[in-house]
Amino acid sequence: MSNSSLVTYRKISPHKNSPRNHKIDTLSIHCYVGQCTAKQGCDWFADPNAQCSANYIVGYDGSIGQSVDENDRSWCTSSPSNDNRAITIEVACEPYHPYKVTDKAMNALIKLIADICDRNNIKELKWQGNKNLIGQVDKQNMTVHRWFANKECPGDYLYKKHPYIAKEVNKLLGVKK
């Protein structure tokens with residue numbers, strides 16, 4: 001496993017398990033409430049009081065940070081099973097419903113996910129919005145935090161954008177539909 005070359009800031013969090021116990025076959029997008037940069041997000045996840053982490057953070061400005069190496073499990077979705085198989089990505093968003101993200105953040109997120117899929121041999125990003133398909137990566141390989149905990153994450157804005165994100169990532173991957 002390798003890490004993304006798109007990273008503009010790297011600060012590794014102590015909140016992780018090393019190594020992960022499952023191959024990467026899933027992506028979990030989260031909303032980081034507050035319009036932070038990747039550096040600010042990584043710095044917060046490195047704080048001993050945080051008790052959580054993500055593999056990557058996408059800032060409102062399109063910056064990309066790394067908080068946990070891809071070969072390690074982040075503490076992100078409240079599900080060790082999901083976190084062991086997923087790359088987790090926090091995206092800076094507005095601090096109020098529907099937790100909208102900037103265009104720069106969305107564009108960086110799409111490029112980052114395409115890079116992750118390419119390097120981890122994920123041929124196609126699949127989304128059906130069906131919690132019952134968790135772990136059935138041949139049908140759906142995206143998960144959301146709200147399926148594992150009583151959270152709104154990734155917020156309504158990003159949740160409703162999952163079909164668009166999958167479509168745009170698949171274009172970059174060269175998936176023909």
# chains A, B, ... in the order shown; residues from 1 in each chain; ligands from 1
>>> closest_atom_pairs(of="segment 145-171 of chain A", to="segment 60-84 of chain A", cutoff="8 Å", atoms="only C-alpha atoms", output="Markdown table")
| residue | atom | partner | partner_atom | distance |
| --- | --- | --- | --- | --- |
| A:His145 | CA | A:Thr77 | CA | 4.8 |
| A:Phe148 | CA | A:Ser78 | CA | 6.0 |
| A:Ala149 | CA | A:Ser78 | CA | 6.2 |
>>> write_last_selection(atoms="C-alpha atoms", output="PDB file, in the first residue's frame")
ATOM      1  CA  HIS A 145     -20.730   7.115   9.371  1.00  0.00           C
ATOM      2  CA  PHE A 148     -22.589   2.822  12.290  1.00  0.00           C
ATOM      3  CA  ALA A 149     -23.434   5.510  14.876  1.00  0.00           C
TER       4      ALA A 149
END
>>> residues_around(residues="Tyr157 of chain A", least_positions_apart="3", cutoff="10 Å", atoms="only C-alpha atoms", output="list in words")
Cys31, Cys93, His97, Pro98, Tyr99, Lys100, Val101, Cys153, Pro154, Lys160, Lys161 and His162 of chain A
>>> write_last_selection(atoms="all heavy atoms", output="compact mmCIF listing (two decimals), in the first residue's frame")
# COMPACT_ATOMS: atom_id res chain seq x y z
N CYS A 31 -18.03 14.36 7.03
CA CYS A 31 -17.98 15.82 7.05
C CYS A 31 -17.28 16.26 8.33
O CYS A 31 -17.59 15.80 9.42
CB CYS A 31 -19.37 16.44 6.95
SG CYS A 31 -20.53 16.04 8.26
N CYS A 93 -16.62 21.27 6.01
CA CYS A 93 -17.94 21.70 5.57
C CYS A 93 -18.43 22.87 6.44
O CYS A 93 -17.82 23.20 7.44
CB CYS A 93 -18.92 20.54 5.65
SG CYS A 93 -19.25 19.98 7.32
N HIS A 97 -26.54 22.67 9.11
CA HIS A 97 -27.26 21.86 8.13
C HIS A 97 -27.45 22.64 6.83
O HIS A 97 -27.78 23.81 6.90
CB HIS A 97 -28.62 21.47 8.72
CG HIS A 97 -29.44 20.61 7.83
ND1 HIS A 97 -29.24 19.26 7.73
CD2 HIS A 97 -30.43 20.92 6.97
CE1 HIS A 97 -30.10 18.76 6.85
NE2 HIS A 97 -30.82 19.75 6.38
N PRO A 98 -27.21 22.06 5.66
CA PRO A 98 -26.96 20.66 5.34
C PRO A 98 -25.47 20.30 5.28
O PRO A 98 -25.12 19.27 4.75
CB PRO A 98 -27.61 20.51 3.96
CG PRO A 98 -27.37 21.83 3.30
CD PRO A 98 -27.48 22.84 4.43
N TYR A 99 -24.59 21.14 5.85
CA TYR A 99 -23.15 20.87 5.93
C TYR A 99 -22.51 20.85 4.53
O TYR A 99 -21.79 19.94 4.16
CB TYR A 99 -22.85 19.59 6.72
CG TYR A 99 -23.47 19.61 8.08
CD1 TYR A 99 -24.63 18.90 8.35
CD2 TYR A 99 -22.91 20.37 9.10
CE1 TYR A 99 -25.22 18.95 9.61
CE2 TYR A 99 -23.49 20.42 10.37
CZ TYR A 99 -24.65 19.71 10.60
OH TYR A 99 -25.23 19.77 11.85
N LYS A 100 -22.78 21.90 3.79
CA LYS A 100 -22.28 22.04 2.42
C LYS A 100 -20.75 22.18 2.40
O LYS A 100 -20.16 22.74 3.32
CB LYS A 100 -22.92 23.26 1.76
CG LYS A 100 -22.60 23.40 0.30
CD LYS A 100 -23.32 24.57 -0.33
CE LYS A 100 -22.91 24.64 -1.78
NZ LYS A 100 -23.34 25.88 -2.41
N VAL A 101 -20.14 21.66 1.34
CA VAL A 101 -18.69 21.80 1.14
C VAL A 101 -18.45 22.73 -0.04
O VAL A 101 -19.32 22.91 -0.91
CB VAL A 101 -18.00 20.43 0.91
CG1 VAL A 101 -18.30 19.49 2.06
CG2 VAL A 101 -18.39 19.82 -0.41
N CYS A 153 -23.45 12.43 10.03
CA CYS A 153 -22.30 12.36 9.13
C CYS A 153 -22.57 11.41 7.97
O CYS A 153 -23.03 10.30 8.20
CB CYS A 153 -21.08 11.92 9.93
SG CYS A 153 -19.55 11.96 9.00
N PRO A 154 -22.32 11.83 6.76
CA PRO A 154 -21.53 12.98 6.30
C PRO A 154 -22.35 14.24 6.06
O PRO A 154 -21.94 15.09 5.26
CB PRO A 154 -20.94 12.47 4.99
CG PRO A 154 -22.03 11.64 4.40
CD PRO A 154 -22.67 10.97 5.60
N LYS A 160 -26.21 13.27 -0.17
CA LYS A 160 -26.95 13.37 -1.44
C LYS A 160 -26.02 13.48 -2.64
O LYS A 160 -26.44 13.21 -3.77
CB LYS A 160 -27.91 14.55 -1.39
CG LYS A 160 -29.07 14.31 -0.44
CD LYS A 160 -29.96 15.52 -0.31
CE LYS A 160 -31.08 15.24 0.68
NZ LYS A 160 -31.90 16.42 0.95
N LYS A 161 -24.77 13.86 -2.42
CA LYS A 161 -23.78 13.97 -3.50
C LYS A 161 -23.06 12.65 -3.80
O LYS A 161 -22.28 12.57 -4.74
CB LYS A 161 -22.73 15.04 -3.16
CG LYS A 161 -23.23 16.46 -3.26
CD LYS A 161 -23.37 16.86 -4.70
CE LYS A 161 -23.66 18.35 -4.84
NZ LYS A 161 -23.77 18.74 -6.24
N HIS A 162 -23.30 11.61 -3.02
CA HIS A 162 -22.60 10.33 -3.25
C HIS A 162 -22.78 9.79 -4.68
O HIS A 162 -21.80 9.33 -5.27
CB HIS A 162 -22.99 9.30 -2.19
CG HIS A 162 -22.15 9.36 -0.96
ND1 HIS A 162 -21.94 10.51 -0.24
CD2 HIS A 162 -21.46 8.39 -0.32
CE1 HIS A 162 -21.15 10.27 0.79
NE2 HIS A 162 -20.84 8.97 0.77
>>> select_by_dssp(residues="segment 23-79 of chain A", states="helix (DSSP H, G or I)", output="PyMOL selection string")
chain A and resi 38-46
>>> closest_atom_pairs(of="segment 23-42 of chain A", to="segment 103-121 of chain A", cutoff="8 Å", atoms="only C-alpha atoms", output="Markdown table")
| residue | atom | partner | partner_atom | distance |
| --- | --- | --- | --- | --- |
| A:Ile24 | CA | A:Asn120 | CA | 6.6 |
| A:Asp25 | CA | A:Asn120 | CA | 7.6 |
| A:Leu27 | CA | A:Ile113 | CA | 7.9 |
>>> atom_distance(atom1="atom CA of Asp47 of chain A", atom2="atom CA of Leu6 of chain A")
23.3 Å
